[in-house]
$ cat structure.cif   # mmCIF, C-alpha atoms
data_coords
loop_
_atom_site.group_PDB
_atom_site.id
_atom_site.type_symbol
_atom_site.label_atom_id
_atom_site.label_comp_id
_atom_site.auth_asym_id
_atom_site.auth_seq_id
_atom_site.Cartn_x
_atom_site.Cartn_y
_atom_site.Cartn_z
ATOM 1 C CA MET N 174 27.291 13.417 30.537
ATOM 2 C CA TRP N 175 25.536 14.657 27.403
ATOM 3 C CA HIS N 176 25.183 12.247 24.449
ATOM 4 C CA ARG N 177 23.866 13.025 20.977
ATOM 5 C CA LYS N 178 20.736 10.879 20.522
ATOM 6 C CA THR N 179 20.805 8.867 17.317
ATOM 7 C CA VAL N 180 19.251 5.829 15.662
ATOM 8 C CA ARG N 181 20.789 3.154 13.448
ATOM 9 C CA ALA N 182 19.017 0.471 11.451
ATOM 10 C CA TYR N 183 19.842 -3.051 10.468
ATOM 11 C CA ILE N 184 17.840 -3.046 7.220
ATOM 12 C CA PHE N 185 16.858 -6.553 6.143
ATOM 13 C CA ASP N 186 15.289 -7.221 2.734
ATOM 14 C CA VAL N 187 13.029 -10.289 2.955
ATOM 15 C CA ASP N 188 13.395 -10.969 -0.769
ATOM 16 C CA LYS N 189 17.194 -10.718 -0.935
ATOM 17 C CA LYS N 190 17.786 -12.211 2.535
ATOM 18 C CA ALA N 191 20.490 -9.591 3.058
ATOM 19 C CA PHE N 192 21.291 -6.461 5.046
ATOM 20 C CA LEU N 193 21.957 -2.997 3.613
ATOM 21 C CA LEU N 194 24.965 -0.893 4.570
ATOM 22 C CA GLY N 195 25.725 2.654 3.468
ATOM 23 C CA LYS N 196 29.105 4.283 2.821
ATOM 24 C CA SER N 197 29.317 7.773 4.249
ATOM 25 C CA SER N 198 30.219 10.805 2.135
ATOM 26 C CA LEU N 199 31.158 12.552 5.394
ATOM 27 C CA PRO N 200 33.719 11.720 8.074
ATOM 28 C CA PRO N 201 34.093 9.154 9.406
ATOM 29 C CA PHE N 202 34.165 7.561 5.966
ATOM 30 C CA GLY N 203 33.380 3.888 5.596
ATOM 31 C CA PHE N 204 30.422 1.529 5.603
ATOM 32 C CA HIS N 205 27.978 1.683 8.517
ATOM 33 C CA LEU N 206 24.406 1.058 9.507
ATOM 34 C CA PRO N 207 22.151 3.773 8.032
ATOM 35 C CA GLY N 208 20.616 6.249 10.460
ATOM 36 C CA GLY N 209 21.221 9.586 12.102
ATOM 37 C CA GLY N 210 20.158 12.089 14.713
ATOM 38 C CA ILE N 211 16.815 12.246 16.482
ATOM 39 C CA ASN N 212 15.102 15.630 16.157
ATOM 40 C CA ARG N 213 13.593 17.413 19.153
ATOM 41 C CA LYS N 214 10.203 15.944 20.087
ATOM 42 C CA GLU N 215 10.684 13.113 17.562
ATOM 43 C CA GLU N 216 10.149 9.500 18.575
ATOM 44 C CA PRO N 217 13.067 7.147 17.793
ATOM 45 C CA GLU N 218 10.951 4.941 15.500
ATOM 46 C CA ASP N 219 9.868 8.015 13.529
ATOM 47 C CA ALA N 220 13.521 9.100 13.296
ATOM 48 C CA VAL N 221 14.474 5.717 11.808
ATOM 49 C CA LYS N 222 11.758 5.994 9.159
ATOM 50 C CA ARG N 223 12.719 9.597 8.356
ATOM 51 C CA GLU N 224 16.426 8.759 8.066
ATOM 52 C CA LEU N 225 15.733 5.799 5.772
ATOM 53 C CA ARG N 226 13.561 7.974 3.544
ATOM 54 C CA GLU N 227 16.137 10.810 3.473
ATOM 55 C CA GLU N 228 19.296 8.728 3.023
ATOM 56 C CA LEU N 229 18.092 5.783 0.926
ATOM 57 C CA ASN N 230 14.632 6.634 -0.421
ATOM 58 C CA ILE N 231 13.089 3.741 1.522
ATOM 59 C CA LEU N 232 9.428 4.699 1.610
ATOM 60 C CA PRO N 233 6.880 3.799 4.317
ATOM 61 C CA GLU N 234 5.052 1.456 1.935
ATOM 62 C CA ASN N 235 8.273 -0.599 1.563
ATOM 63 C CA ILE N 236 8.676 -1.042 5.330
ATOM 64 C CA ILE N 237 7.069 -4.221 6.645
ATOM 65 C CA ASN N 238 8.217 -3.943 10.256
ATOM 66 C CA VAL N 239 10.294 -1.698 12.542
ATOM 67 C CA SER N 240 11.354 -2.974 15.953
ATOM 68 C CA TYR N 241 13.659 -1.583 18.618
ATOM 69 C CA GLN N 242 16.456 -4.015 19.525
ATOM 70 C CA TYR N 243 18.937 -2.417 21.933
ATOM 71 C CA SER N 244 20.901 0.713 22.848
ATOM 72 C CA ARG N 245 24.604 1.337 22.782
ATOM 73 C CA LYS N 246 26.936 4.174 23.619
ATOM 74 C CA THR N 247 29.591 5.100 21.101
ATOM 75 C CA ARG N 248 31.735 8.016 19.957
ATOM 76 C CA VAL N 249 31.780 9.513 16.469
ATOM 77 C CA LEU N 250 34.558 11.995 15.755
ATOM 78 C CA GLY N 251 35.018 12.300 19.517
ATOM 79 C CA ILE N 252 31.349 13.180 20.150
ATOM 80 C CA PRO N 253 29.501 10.819 22.529
ATOM 81 C CA HIS N 254 26.424 9.199 20.984
ATOM 82 C CA ALA N 255 23.552 7.242 22.545
ATOM 83 C CA GLU N 256 22.278 5.063 19.704
ATOM 84 C CA GLY N 257 19.032 3.175 19.506
ATOM 85 C CA ILE N 258 19.457 0.142 17.259
ATOM 86 C CA PHE N 259 16.446 -0.992 15.224
ATOM 87 C CA LEU N 260 15.683 -3.927 12.963
ATOM 88 C CA VAL N 261 13.802 -2.757 9.866
ATOM 89 C CA ILE N 262 12.275 -5.333 7.524
ATOM 90 C CA VAL N 263 11.710 -4.111 3.953
ATOM 91 C CA ARG N 264 10.756 -5.411 0.534
ATOM 92 C CA ASN N 265 10.553 -4.039 -3.008
ATOM 93 C CA VAL N 266 12.893 -1.133 -2.273
ATOM 94 C CA GLN N 267 14.423 1.057 -4.946
ATOM 95 C CA ILE N 268 17.517 2.554 -3.339
ATOM 96 C CA LYS N 269 18.317 6.153 -4.268
ATOM 97 C CA LEU N 270 21.215 7.600 -2.281
ATOM 98 C CA SER N 271 21.214 11.072 -0.771
ATOM 99 C CA TRP N 272 24.286 13.299 -0.737
ATOM 100 C CA GLU N 273 25.143 11.824 2.700
ATOM 101 C CA LEU N 274 25.994 8.406 1.210
ATOM 102 C CA SER N 275 28.395 7.715 -1.641
ATOM 103 C CA GLU N 276 27.572 4.013 -1.985
ATOM 104 C CA SER N 277 25.379 1.248 -0.604
ATOM 105 C CA LYS N 278 25.603 -2.515 -0.751
ATOM 106 C CA TRP N 279 23.608 -5.552 0.281
ATOM 107 C CA ILE N 280 25.557 -7.876 2.578
ATOM 108 C CA ASP N 281 24.737 -11.543 3.104
ATOM 109 C CA SER N 282 23.391 -11.906 6.628
ATOM 110 C CA GLU N 283 26.063 -14.418 7.621
ATOM 111 C CA ARG N 284 28.846 -11.952 6.749
ATOM 112 C CA LEU N 285 27.319 -9.443 9.163
ATOM 113 C CA ARG N 286 26.795 -11.926 11.992
ATOM 114 C CA ASP N 287 28.918 -11.516 15.122
ATOM 115 C CA LYS N 288 28.545 -12.206 18.835
ATOM 116 C CA ASN N 289 26.755 -8.866 19.365
ATOM 117 C CA ASN N 290 24.011 -9.291 16.775
ATOM 118 C CA GLN N 291 23.264 -13.056 16.676
ATOM 119 C CA ASP N 292 19.702 -12.666 17.979
ATOM 120 C CA LEU N 293 18.946 -9.762 15.658
ATOM 121 C CA ILE N 294 20.145 -11.691 12.571
ATOM 122 C CA ASP N 295 18.079 -14.717 13.613
ATOM 123 C CA LYS N 296 14.969 -12.534 14.080
ATOM 124 C CA ALA N 297 15.414 -11.133 10.579
ATOM 125 C CA LEU N 298 15.961 -14.505 8.942
ATOM 126 C CA ASN N 299 12.949 -16.019 10.721
ATOM 127 C CA PHE N 300 10.622 -13.041 10.233
ATOM 128 C CA LYS N 301 7.250 -13.940 8.696
ATOM 129 C CA TYR N 302 5.079 -11.188 7.277
ATOM 130 C CA GLU N 303 1.408 -11.172 6.415
ATOM 131 C CA GLY N 304 0.858 -12.722 3.012
ATOM 132 C CA GLU N 305 4.007 -14.846 3.120
ATOM 133 C CA ASN N 306 3.559 -18.582 2.673
#
$ encode --input "structure.cif" --output "structure tokens"
Amino acid sequence: MWHRKTVRAYIFDVDKKAFLLGKSSLPPFGFHLPGGGINRKEEPEDAVKRELREELNILPENIINVSYQYSRKTRVLGIPHAEGIFLVIVRNVQIKLSWELSESKWIDSERLRDKNNQDLIDKALNFKYEGEN
């Protein structure tokens, strides 16, 4: 069965100790992990970076780390999707929404924690980057 190939990102800001969610301007409306489709001949990690730049104005110099976490199959508006889920660590971001998102908000990591993302949240909270004490 065909699935649309997409990427989604848990975006963790090391300074705010929080995750970013976006609210879609398009159906299905509501808050979700930022991301989108993978272009032909595009690597998933490159797709994540492109989507973050397009949707939120998160620039490469603000990205500390991008790491693949897991895959999941889902349906959006009845269309089957094969999503690659990434953890993206950022700092010093200046969010500027594209037309695709009507709102964004930082969510405390504990509010986002559930049985499916425990390890991912722990990785983000324990992440150490070069130059950090």
$ closest_atom_pairs --input "structure.cif" --of "range 176-217 of chain N" --to "range 228-245 of chain N" --cutoff "9 Å" --atoms "all atoms listed in the file" --output "Markdown table"
| residue | atom | partner | partner_atom | distance |
| --- | --- | --- | --- | --- |
| N:Val180 | CA | N:Ser244 | CA | 9.0 |
| N:Gly195 | CA | N:Leu229 | CA | 8.6 |
| N:Pro207 | CA | N:Glu228 | CA | 7.6 |
| N:Gly208 | CA | N:Glu228 | CA | 7.9 |
| N:Pro217 | CA | N:Tyr241 | CA | 8.8 |
$ closest_residue --input "structure.cif" --among "N:Leu293, N:Leu274, N:Ala255, N:Leu199" --to "Glu224 in chain N" --atoms "only C-alpha atoms"
N:Leu274
$ resolve_selection --input "structure.cif" --expression "the PyMOL selection byres ((chain N and resi 298) around 9)" --output "list of chain:residue names"
N:Phe185, N:Val187, N:Lys190, N:Ala191, N:Ser282, N:Leu293, N:Ile294, N:Asp295, N:Lys296, N:Ala297, N:Asn299, N:Phe300, N:Lys301
$ residues_around --input "structure.cif" --residues "Lys178 in chain N" --least-positions-apart "5" --cutoff "10 Å" --atoms "all atoms listed in the file" --output "ChimeraX atom specification"
/N:209-213,217,246,253-257
$ atom_distance --input "structure.cif" --atom1 "CA of Trp175 in chain N" --atom2 "CA of Lys214 in chain N"
17.0 Å
$ residues_around --input "structure.cif" --residues "Leu194 in chain N" --least-positions-apart "3" --cutoff "7 Å" --atoms "all atoms listed in the file" --output "list in words"
Phe204, His205, Leu206, Pro207, Ser277, Lys278 and Trp279 of chain N
$ closest_residue --input "structure.cif" --among "N:Glu218, N:Leu225, N:Arg286, N:Gly203" --to "Val263 in chain N" --atoms "all atoms listed in the file"
N:Leu225
$ atom_distance --input "structure.cif" --atom1 "CA of Arg181 in chain N" --atom2 "CA of Glu303 in chain N"
25.1 Å
$ closest_residue --input "structure.cif" --among "N:Asp292, N:Met174, N:Phe202, N:Ser275" --to "Leu250 in chain N" --atoms "only C-alpha atoms"
N:Phe202
$ closest_residue --input "structure.cif" --among "N:Tyr302, N:Thr179, N:Phe192, N:Pro200" --to "Glu273 in chain N" --atoms "all atoms listed in the file"
N:Pro200
$ atom_distance --input "structure.cif" --atom1 "CA of Arg226 in chain N" --atom2 "CA of Gly251 in chain N"
27.1 Å
$ closest_residue --input "structure.cif" --among "N:Thr247, N:Asp281, N:Leu260, N:Asp287" --to "Tyr183 in chain N" --atoms "all atoms listed in the file"
N:Leu260
